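Shown here: my_file.cif, mmCIF, C-alpha atoms and all ligand atoms.
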data_protein
loop_
_atom_site.group_PDB
_atom_site.id
_atom_site.type_symbol
_atom_site.label_atom_id
_atom_site.label_comp_id
_atom_site.auth_asym_id
_atom_site.auth_seq_id
_atom_site.Cartn_x
_atom_site.Cartn_y
_atom_site.Cartn_z
ATOM 1 C CA MET Q 1 6.437 17.699 -5.423
ATOM 2 C CA ARG Q 2 5.174 14.210 -4.516
ATOM 3 C CA ARG Q 3 1.584 14.375 -3.331
ATOM 4 C CA PRO Q 4 1.237 12.504 -0.032
ATOM 5 C CA ILE Q 5 -0.925 9.382 -0.138
ATOM 6 C CA ILE Q 6 -2.558 7.865 2.919
ATOM 7 C CA ALA Q 7 -4.120 4.453 2.346
ATOM 8 C CA GLY Q 8 -6.096 2.281 4.716
ATOM 9 C CA ASN Q 9 -5.611 -1.465 4.577
ATOM 10 C CA TRP Q 10 -8.652 -2.960 6.232
ATOM 11 C CA LYS Q 11 -7.238 -6.508 5.920
ATOM 12 C CA MET Q 12 -9.982 -9.106 6.712
ATOM 13 C CA ASN Q 13 -12.252 -6.710 8.580
ATOM 14 C CA LYS Q 14 -15.673 -5.114 8.043
ATOM 15 C CA ASN Q 15 -18.820 -6.578 6.538
ATOM 16 C CA ILE Q 16 -21.041 -4.584 4.181
ATOM 17 C CA ALA Q 17 -23.063 -2.907 6.933
ATOM 18 C CA GLU Q 18 -19.857 -1.904 8.716
ATOM 19 C CA THR Q 19 -18.398 -0.653 5.436
ATOM 20 C CA LYS Q 20 -21.415 1.614 4.896
ATOM 21 C CA ALA Q 21 -21.076 3.013 8.404
ATOM 22 C CA LEU Q 22 -17.313 3.570 8.252
ATOM 23 C CA VAL Q 23 -17.265 5.122 4.778
ATOM 24 C CA SER Q 24 -20.226 7.416 5.511
ATOM 25 C CA GLU Q 25 -18.482 8.662 8.636
ATOM 26 C CA LEU Q 26 -15.159 9.066 6.843
ATOM 27 C CA ILE Q 27 -16.322 11.055 3.796
ATOM 28 C CA PRO Q 28 -16.984 14.383 5.585
ATOM 29 C CA LEU Q 29 -13.947 13.968 7.846
ATOM 30 C CA VAL Q 30 -11.447 13.805 4.976
ATOM 31 C CA LYS Q 31 -13.173 15.868 2.300
ATOM 32 C CA ASP Q 32 -10.682 18.753 2.595
ATOM 33 C CA ALA Q 33 -7.575 16.602 2.904
ATOM 34 C CA GLU Q 34 -4.468 17.628 1.040
ATOM 35 C CA ALA Q 35 -3.242 14.049 0.877
ATOM 36 C CA GLU Q 36 -4.669 11.555 -1.566
ATOM 37 C CA VAL Q 37 -6.976 9.193 0.351
ATOM 38 C CA VAL Q 38 -7.401 5.501 -0.455
ATOM 39 C CA ILE Q 39 -9.239 2.715 1.353
ATOM 40 C CA CYS Q 40 -8.351 -0.897 0.545
ATOM 41 C CA THR Q 41 -11.111 -3.276 1.545
ATOM 42 C CA PRO Q 42 -11.958 -6.988 1.382
ATOM 43 C CA TYR Q 43 -13.341 -8.061 -1.996
ATOM 44 C CA THR Q 44 -16.892 -8.357 -0.672
ATOM 45 C CA ASP Q 45 -16.890 -4.679 0.394
ATOM 46 C CA LEU Q 46 -15.375 -3.204 -2.762
ATOM 47 C CA TYR Q 47 -18.578 -2.595 -4.687
ATOM 48 C CA THR Q 48 -20.244 -0.914 -1.717
ATOM 49 C CA ALA Q 49 -17.177 1.218 -1.031
ATOM 50 C CA VAL Q 50 -16.904 2.311 -4.670
ATOM 51 C CA GLU Q 51 -20.592 3.231 -4.863
ATOM 52 C CA LEU Q 52 -20.488 5.205 -1.610
ATOM 53 C CA THR Q 53 -17.325 7.133 -2.502
ATOM 54 C CA LYS Q 54 -18.416 8.196 -6.010
ATOM 55 C CA GLY Q 55 -17.956 11.951 -6.328
ATOM 56 C CA THR Q 56 -15.718 12.134 -3.236
ATOM 57 C CA ASN Q 57 -11.943 12.431 -2.842
ATOM 58 C CA ILE Q 58 -11.640 8.816 -1.624
ATOM 59 C CA SER Q 59 -10.400 6.087 -3.968
ATOM 60 C CA VAL Q 60 -10.951 2.403 -3.372
ATOM 61 C CA GLY Q 61 -8.368 -0.358 -3.576
ATOM 62 C CA ALA Q 62 -8.307 -4.141 -3.316
ATOM 63 C CA GLU Q 63 -5.883 -6.106 -1.161
ATOM 64 C CA ASN Q 64 -4.669 -8.564 -3.789
ATOM 65 C CA VAL Q 65 -5.160 -9.516 -7.452
ATOM 66 C CA HIS Q 66 -4.372 -12.537 -9.590
ATOM 67 C CA TRP Q 67 -2.098 -12.181 -12.627
ATOM 68 C CA ALA Q 68 -4.178 -14.158 -15.131
ATOM 69 C CA GLU Q 69 -6.988 -12.487 -17.067
ATOM 70 C CA SER Q 70 -9.386 -15.362 -16.468
ATOM 71 C CA GLY Q 71 -9.406 -19.118 -16.241
ATOM 72 C CA ALA Q 72 -9.290 -22.082 -13.897
ATOM 73 C CA PHE Q 73 -7.995 -20.329 -10.776
ATOM 74 C CA THR Q 74 -10.569 -21.190 -8.133
ATOM 75 C CA GLY Q 75 -10.927 -18.461 -5.541
ATOM 76 C CA GLU Q 76 -8.987 -15.791 -7.423
ATOM 77 C CA ILE Q 77 -9.972 -12.337 -8.740
ATOM 78 C CA SER Q 78 -8.533 -10.738 -11.895
ATOM 79 C CA ALA Q 79 -7.465 -7.151 -12.462
ATOM 80 C CA SER Q 80 -10.261 -6.518 -14.986
ATOM 81 C CA MET Q 81 -12.840 -7.716 -12.438
ATOM 82 C CA LEU Q 82 -11.553 -4.974 -10.153
ATOM 83 C CA THR Q 83 -11.448 -2.204 -12.744
ATOM 84 C CA GLU Q 84 -14.934 -3.164 -13.928
ATOM 85 C CA ILE Q 85 -16.438 -2.149 -10.591
ATOM 86 C CA GLY Q 86 -14.395 1.049 -10.288
ATOM 87 C CA VAL Q 87 -11.500 -0.095 -8.115
ATOM 88 C CA LYS Q 88 -8.455 2.140 -8.674
ATOM 89 C CA TYR Q 89 -5.707 0.656 -6.492
ATOM 90 C CA VAL Q 90 -4.474 -2.749 -5.410
ATOM 91 C CA ILE Q 91 -2.072 -3.724 -2.644
ATOM 92 C CA ILE Q 92 0.440 -6.303 -3.845
ATOM 93 C CA GLY Q 93 2.951 -8.356 -1.854
ATOM 94 C CA HIS Q 94 1.765 -7.465 1.632
ATOM 95 C CA SER Q 95 3.893 -9.274 4.222
ATOM 96 C CA GLU Q 96 0.833 -11.190 5.425
ATOM 97 C CA ARG Q 97 0.464 -12.627 1.921
ATOM 98 C CA ARG Q 98 4.179 -13.434 1.809
ATOM 99 C CA GLN Q 99 4.021 -15.002 5.284
ATOM 100 C CA TYR Q 100 0.762 -16.981 5.169
ATOM 101 C CA PHE Q 101 -0.156 -17.458 1.506
ATOM 102 C CA GLY Q 102 3.047 -18.369 -0.278
ATOM 103 C CA GLU Q 103 3.556 -15.008 -1.992
ATOM 104 C CA THR Q 104 7.040 -14.801 -3.489
ATOM 105 C CA ASP Q 105 9.026 -12.067 -5.222
ATOM 106 C CA GLU Q 106 8.146 -13.778 -8.519
ATOM 107 C CA THR Q 107 4.391 -13.831 -7.919
ATOM 108 C CA VAL Q 108 4.524 -10.231 -6.704
ATOM 109 C CA ASN Q 109 6.115 -9.286 -10.013
ATOM 110 C CA LYS Q 110 3.474 -11.172 -12.031
ATOM 111 C CA ARG Q 111 0.671 -9.443 -10.126
ATOM 112 C CA VAL Q 112 2.312 -6.010 -10.548
ATOM 113 C CA ILE Q 113 2.607 -6.444 -14.312
ATOM 114 C CA ALA Q 114 -0.974 -7.699 -14.705
ATOM 115 C CA ALA Q 115 -2.424 -4.962 -12.505
ATOM 116 C CA LEU Q 116 -0.537 -2.145 -14.271
ATOM 117 C CA ASN Q 117 -1.473 -3.501 -17.695
ATOM 118 C CA ALA Q 118 -5.134 -3.482 -16.655
ATOM 119 C CA GLY Q 119 -4.908 0.173 -15.598
ATOM 120 C CA LEU Q 120 -4.814 -0.329 -11.839
ATOM 121 C CA LYS Q 121 -2.462 1.612 -9.600
ATOM 122 C CA VAL Q 122 -0.348 -0.626 -7.392
ATOM 123 C CA ILE Q 123 0.807 -0.312 -3.795
ATOM 124 C CA VAL Q 124 3.716 -2.734 -3.608
ATOM 125 C CA CYS Q 125 4.809 -3.761 -0.114
ATOM 126 C CA VAL Q 126 8.378 -4.517 0.886
ATOM 127 C CA GLY Q 127 9.924 -4.930 4.315
ATOM 128 C CA GLU Q 128 12.146 -7.032 6.531
ATOM 129 C CA THR Q 129 11.218 -9.466 9.294
ATOM 130 C CA LEU Q 130 12.521 -9.061 12.834
ATOM 131 C CA GLU Q 131 15.027 -11.845 12.230
ATOM 132 C CA GLU Q 132 16.318 -10.111 9.099
ATOM 133 C CA LYS Q 133 16.501 -6.778 10.893
ATOM 134 C CA GLU Q 134 18.490 -8.285 13.741
ATOM 135 C CA ALA Q 135 20.847 -9.931 11.260
ATOM 136 C CA GLY Q 136 21.521 -6.513 9.700
ATOM 137 C CA LYS Q 137 19.834 -7.503 6.435
ATOM 138 C CA THR Q 138 17.212 -4.754 6.137
ATOM 139 C CA GLU Q 139 18.857 -2.986 3.184
ATOM 140 C CA ASP Q 140 19.493 -6.245 1.330
ATOM 141 C CA VAL Q 141 15.928 -7.433 1.816
ATOM 142 C CA VAL Q 142 14.179 -4.262 0.660
ATOM 143 C CA THR Q 143 16.578 -3.903 -2.267
ATOM 144 C CA THR Q 144 16.022 -7.482 -3.441
ATOM 145 C CA GLN Q 145 12.248 -7.241 -3.027
ATOM 146 C CA THR Q 146 12.103 -3.916 -4.884
ATOM 147 C CA ILE Q 147 14.201 -5.082 -7.832
ATOM 148 C CA ALA Q 148 12.169 -8.289 -8.138
ATOM 149 C CA ALA Q 149 8.780 -6.566 -7.875
ATOM 150 C CA PHE Q 150 9.470 -4.243 -10.812
ATOM 151 C CA LYS Q 151 11.328 -6.621 -13.129
ATOM 152 C CA ASP Q 152 10.227 -5.926 -16.718
ATOM 153 C CA VAL Q 153 8.011 -2.996 -15.665
ATOM 154 C CA SER Q 154 8.319 -0.054 -18.039
ATOM 155 C CA SER Q 155 9.216 3.365 -16.638
ATOM 156 C CA ASP Q 156 6.144 4.834 -18.361
ATOM 157 C CA LYS Q 157 4.133 3.188 -15.557
ATOM 158 C CA ILE Q 158 5.766 5.079 -12.693
ATOM 159 C CA ASP Q 159 2.768 7.374 -12.137
ATOM 160 C CA ASP Q 160 0.764 4.261 -11.257
ATOM 161 C CA ILE Q 161 3.291 2.907 -8.768
ATOM 162 C CA VAL Q 162 3.347 3.409 -5.009
ATOM 163 C CA VAL Q 163 5.732 1.468 -2.778
ATOM 164 C CA ALA Q 164 5.007 0.781 0.887
ATOM 165 C CA TYR Q 165 7.892 0.098 3.251
ATOM 166 C CA GLU Q 166 6.407 -2.050 5.979
ATOM 167 C CA PRO Q 167 8.850 -3.554 8.451
ATOM 168 C CA VAL Q 168 7.148 -6.821 9.386
ATOM 169 C CA TRP Q 169 8.042 -6.435 13.079
ATOM 170 C CA ALA Q 170 6.142 -3.132 13.187
ATOM 171 C CA ILE Q 171 2.860 -4.450 11.778
ATOM 172 C CA GLY Q 172 0.088 -4.720 14.327
ATOM 173 C CA THR Q 173 2.606 -4.701 17.162
ATOM 174 C CA GLY Q 174 2.407 -1.102 18.307
ATOM 175 C CA ARG Q 175 6.146 -0.960 17.620
ATOM 176 C CA THR Q 176 6.895 1.695 14.999
ATOM 177 C CA ALA Q 177 10.160 2.222 13.182
ATOM 178 C CA THR Q 178 11.670 5.510 14.307
ATOM 179 C CA ALA Q 179 11.031 8.269 11.811
ATOM 180 C CA ASP Q 180 14.781 8.436 11.101
ATOM 181 C CA ASP Q 181 15.108 4.700 10.486
ATOM 182 C CA ALA Q 182 12.016 4.597 8.277
ATOM 183 C CA ASN Q 183 13.343 7.561 6.316
ATOM 184 C CA ALA Q 184 16.751 5.924 5.859
ATOM 185 C CA THR Q 185 15.316 2.628 4.621
ATOM 186 C CA ILE Q 186 12.919 4.424 2.294
ATOM 187 C CA LYS Q 187 15.938 6.257 0.871
ATOM 188 C CA VAL Q 188 17.492 2.867 0.119
ATOM 189 C CA ILE Q 189 14.283 1.866 -1.680
ATOM 190 C CA ARG Q 190 14.286 5.135 -3.647
ATOM 191 C CA ASP Q 191 17.916 4.629 -4.670
ATOM 192 C CA THR Q 192 16.983 1.145 -5.839
ATOM 193 C CA LEU Q 193 14.055 2.529 -7.871
ATOM 194 C CA ALA Q 194 16.499 4.965 -9.462
ATOM 195 C CA LYS Q 195 18.503 2.001 -10.746
ATOM 196 C CA VAL Q 196 15.447 -0.036 -11.752
ATOM 197 C CA PHE Q 197 13.767 2.866 -13.599
ATOM 198 C CA CYS Q 198 15.756 6.116 -13.717
ATOM 199 C CA PRO Q 199 16.884 8.712 -11.138
ATOM 200 C CA ALA Q 200 14.218 11.212 -12.176
ATOM 201 C CA CYS Q 201 11.608 8.430 -12.107
ATOM 202 C CA SER Q 202 12.474 7.479 -8.542
ATOM 203 C CA GLU Q 203 11.941 11.081 -7.460
ATOM 204 C CA LYS Q 204 8.359 10.827 -8.706
ATOM 205 C CA ILE Q 205 7.416 7.506 -7.099
ATOM 206 C CA ARG Q 206 5.641 7.835 -3.783
ATOM 207 C CA ILE Q 207 6.906 5.635 -0.971
ATOM 208 C CA GLN Q 208 4.766 5.080 2.103
ATOM 209 C CA TYR Q 209 5.650 3.886 5.548
ATOM 210 C CA GLY Q 210 3.423 1.239 7.180
ATOM 211 C CA GLY Q 211 3.500 -0.469 10.549
ATOM 212 C CA SER Q 212 1.603 0.761 13.624
ATOM 213 C CA MET Q 213 1.163 4.213 12.085
ATOM 214 C CA ASN Q 214 -1.500 6.135 14.007
ATOM 215 C CA PRO Q 215 -2.706 9.651 14.834
ATOM 216 C CA LYS Q 216 0.095 10.054 17.391
ATOM 217 C CA ASN Q 217 3.109 9.207 15.241
ATOM 218 C CA ALA Q 218 1.841 10.173 11.765
ATOM 219 C CA HIS Q 219 3.075 13.757 11.957
ATOM 220 C CA ASP Q 220 6.683 12.832 12.761
ATOM 221 C CA LEU Q 221 6.803 10.140 10.122
ATOM 222 C CA MET Q 222 5.271 12.394 7.469
ATOM 223 C CA ALA Q 223 7.735 15.171 8.305
ATOM 224 C CA GLN Q 224 10.571 13.028 6.945
ATOM 225 C CA PRO Q 225 11.702 14.039 3.460
ATOM 226 C CA GLU Q 226 11.579 10.536 1.962
ATOM 227 C CA ILE Q 227 8.249 9.469 3.463
ATOM 228 C CA ASP Q 228 5.382 10.289 1.125
ATOM 229 C CA GLY Q 229 2.510 8.621 2.892
ATOM 230 C CA GLY Q 230 1.270 5.818 5.054
ATOM 231 C CA LEU Q 231 -0.308 2.401 4.701
ATOM 232 C CA ILE Q 232 -2.499 2.097 7.748
ATOM 233 C CA GLY Q 233 -3.884 -1.116 9.204
ATOM 234 C CA GLY Q 234 -5.526 -0.982 12.626
ATOM 235 C CA ALA Q 235 -5.976 2.788 12.698
ATOM 236 C CA SER Q 236 -7.852 2.717 9.374
ATOM 237 C CA LEU Q 237 -10.740 0.785 10.930
ATOM 238 C CA LYS Q 238 -12.026 3.816 12.829
ATOM 239 C CA ALA Q 239 -13.076 6.856 10.790
ATOM 240 C CA VAL Q 240 -11.841 9.451 13.272
ATOM 241 C CA ASP Q 241 -8.433 7.812 13.759
ATOM 242 C CA PHE Q 242 -7.934 7.330 10.029
ATOM 243 C CA SER Q 243 -8.969 10.913 9.282
ATOM 244 C CA MET Q 244 -6.433 12.144 11.835
ATOM 245 C CA VAL Q 245 -3.686 10.218 10.064
ATOM 246 C CA VAL Q 246 -4.927 11.569 6.706
ATOM 247 C CA LYS Q 247 -4.592 15.089 8.110
ATOM 248 C CA TYR Q 248 -1.394 14.260 10.057
HETATM 249 P P1 LIG Q 301 -0.951 -1.801 11.354
HETATM 250 O O1 LIG Q 301 -1.139 -0.348 11.037
HETATM 251 O O2 LIG Q 301 -2.126 -2.439 12.003
HETATM 252 O O3 LIG Q 301 0.342 -2.065 12.068
HETATM 253 O O4 LIG Q 301 -0.832 -2.554 9.929
HETATM 254 C C1 LIG Q 301 0.053 -2.053 8.989
HETATM 255 C C2 LIG Q 301 -0.164 -2.769 7.730
HETATM 256 O O5 LIG Q 301 0.085 -3.947 7.609
HETATM 257 C C3 LIG Q 301 -0.760 -2.016 6.623
HETATM 258 O O6 LIG Q 301 -0.690 -2.731 5.438
#
What does this structure look like when you write it as structure tokens?
Amino acid sequence: MRRPIIAGNWKMNKNIAETKALVSELIPLVKDAEAEVVICTPYTDLYTAVELTKGTNISVGAENVHWAESGAFTGEISASMLTEIGVKYVIIGHSERRQYFGETDETVNKRVIAALNAGLKVIVCVGETLEEKEAGKTEDVVTTQTIAAFKDVSSDKIDDIVVAYEPVWAIGTGRTATADDANATIKVIRDTLAKVFCPACSEKIRIQYGGSMNPKNAHDLMAQPEIDGGLIGGASLKAVDFSMVVKY
């Protein structure tokens, strides 16, 4: 009942020429996909990606957004600037933003509210570090992050919400969570969403797995009942690899 959603997170990769090449190669490869397909690109590639994907089944997302509508926030981009050019999704609270750019649960929440109010769909990332995993804190961490991210978010926004469970130790490391472990943690996130919104709401919200997901492990991960999609880093930078994950 939940339509799978496979999203690429290009991170800080690809210039405009590379974007044109990758998107042109990707369009025919995924045109029959059953899953929803999203590519999240650097700001400088968004316009090109949106123009190239018009009339296709690929949506475009940004990798961050500021919570203010406008103002003296040097270097930031607002939600309406994204919607104006046809961006549909935005990743919020990626662990790299939490780790390197001072993102907190509070700023994640402010971005989520601003993005949803502007009509963007959000992909909200949660996940534990290796240290937290080894201390047995995985459930606590994802629960706390999930509750904080959706504080004061109305349940009439649930159709616009995707959550990505990305264990930090699995990102870019080639180390994937086992399908069983990912499924179990995503169940914890879903149970938390049931309390934050409502049980029926949580059954509608799609929850992705992310962290070294690739053409080899996508099928097993996607076969899990709680896993509704993937947020793909490295493997989204090559059209063939990404299309194989899309078609898991
Ligand atoms: P990798 O797929 O490169 O591990 O990255 C995952 C990720 O961070 C997606 O947001």
Per-residue nearest contacts chain Q to ligand LIG 301 (chain Q), cut-off 8 Å, using only C-alpha atoms and all ligand atoms, as a Markdown table:
| residue | atom | partner | partner_atom | distance |
| --- | --- | --- | --- | --- |
| Q:Gly8 | CA | Q:LIG301 | C3 | 7.1 |
| Q:Asn9 | CA | Q:LIG301 | O6 | 5.2 |
| Q:Trp10 | CA | Q:LIG301 | C3 | 8.0 |
| Q:Lys11 | CA | Q:LIG301 | O6 | 7.6 |
| Q:His94 | CA | Q:LIG301 | O6 | 6.6 |
| Q:Ser95 | CA | Q:LIG301 | O5 | 7.4 |
| Q:Glu96 | CA | Q:LIG301 | O5 | 7.6 |
| Q:Cys125 | CA | Q:LIG301 | O6 | 7.9 |
| Q:Glu166 | CA | Q:LIG301 | O5 | 6.8 |
| Q:Val168 | CA | Q:LIG301 | O5 | 7.8 |
| Q:Ala170 | CA | Q:LIG301 | O3 | 6.0 |
| Q:Ile171 | CA | Q:LIG301 | O3 | 3.5 |
| Q:Gly172 | CA | Q:LIG301 | O3 | 3.5 |
| Q:Thr173 | CA | Q:LIG301 | O3 | 6.2 |
| Q:Gly174 | CA | Q:LIG301 | O3 | 6.6 |
| Q:Gly210 | CA | Q:LIG301 | C1 | 5.0 |
| Q:Gly211 | CA | Q:LIG301 | O3 | 3.9 |
| Q:Ser212 | CA | Q:LIG301 | O3 | 3.5 |
| Q:Met213 | CA | Q:LIG301 | O1 | 5.2 |
| Q:Asn214 | CA | Q:LIG301 | O1 | 7.1 |
| Q:Leu231 | CA | Q:LIG301 | C3 | 4.8 |
| Q:Ile232 | CA | Q:LIG301 | O1 | 4.3 |
| Q:Gly233 | CA | Q:LIG301 | O1 | 3.4 |
| Q:Gly234 | CA | Q:LIG301 | O2 | 3.8 |
| Q:Ala235 | CA | Q:LIG301 | O1 | 6.0 |
| Q:Ser236 | CA | Q:LIG301 | O1 | 7.6 |
Where does the PyMOL selection byres (((chain Q and resi 89) around 8) and not hetatm) land in this file, that is, which residues does it pick, as an MDAnalysis selection string?
chainID Q and resid 38 40 59:62 87:88 90:91 120:123
Residues as selected, C-alpha atoms, written as an mmCIF file, in the coordinates of the input, can you do that?
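Once everything was written out, this is again_10.cif:
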data_model
loop_
_atom_site.group_PDB
_atom_site.id
_atom_site.type_symbol
_atom_site.label_atom_id
_atom_site.label_comp_id
_atom_site.auth_asym_id
_atom_site.auth_seq_id
_atom_site.Cartn_x
_atom_site.Cartn_y
_atom_site.Cartn_z
ATOM 1 C CA VAL Q 38 -7.401 5.501 -0.455
ATOM 2 C CA CYS Q 40 -8.351 -0.897 0.545
ATOM 3 C CA SER Q 59 -10.400 6.087 -3.968
ATOM 4 C CA VAL Q 60 -10.951 2.403 -3.372
ATOM 5 C CA GLY Q 61 -8.368 -0.358 -3.576
ATOM 6 C CA ALA Q 62 -8.307 -4.141 -3.316
ATOM 7 C CA VAL Q 87 -11.500 -0.095 -8.115
ATOM 8 C CA LYS Q 88 -8.455 2.140 -8.674
ATOM 9 C CA VAL Q 90 -4.474 -2.749 -5.410
ATOM 10 C CA ILE Q 91 -2.072 -3.724 -2.644
ATOM 11 C CA LEU Q 120 -4.814 -0.329 -11.839
ATOM 12 C CA LYS Q 121 -2.462 1.612 -9.600
ATOM 13 C CA VAL Q 122 -0.348 -0.626 -7.392
ATOM 14 C CA ILE Q 123 0.807 -0.312 -3.795
#
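Interatomic distance, CA of Ala21 in chain Q against CA of Lys247 in chain Q: 20.4 Å.
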Of Q:Ile58, Q:Glu36, Q:Pro4, Q:Met81, the one sitting nearest Leu221 in chain Q when using only C-alpha atoms is Q:Pro4
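Residues selected in this file by the PyMOL selection byres (((chain Q and resi 142-159) around 6) and not hetatm) comprise Asp105, Val108, Asn109, Val126, Gly127, Glu139, Asp140, Val141, Asp160, Ile161 and Phe197 of chain Q.
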Just-selected residues, C-alpha atoms written as a JSON list (two decimals), keeping the file's coordinate frame:
[["chain", "number", "residue", "atom", "x", "y", "z"],
["Q", 105, "ASP", "CA", 9.03, -12.07, -5.22],
["Q", 108, "VAL", "CA", 4.52, -10.23, -6.70],
["Q", 109, "ASN", "CA", 6.12, -9.29, -10.01],
["Q", 126, "VAL", "CA", 8.38, -4.52, 0.89],
["Q", 127, "GLY", "CA", 9.92, -4.93, 4.32],
["Q", 139, "GLU", "CA", 18.86, -2.99, 3.18],
["Q", 140, "ASP", "CA", 19.49, -6.24, 1.33],
["Q", 141, "VAL", "CA", 15.93, -7.43, 1.82],
["Q", 160, "ASP", "CA", 0.76, 4.26, -11.26],
["Q", 161, "ILE", "CA", 3.29, 2.91, -8.77],
["Q", 197, "PHE", "CA", 13.77, 2.87, -13.60]]
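Nearest residue to Asn64 in chain Q, choosing from Q:Ile39, Q:Ala164, Q:Ala218, Q:Ala79 and counting all atoms listed in the file: Q:Ala79.
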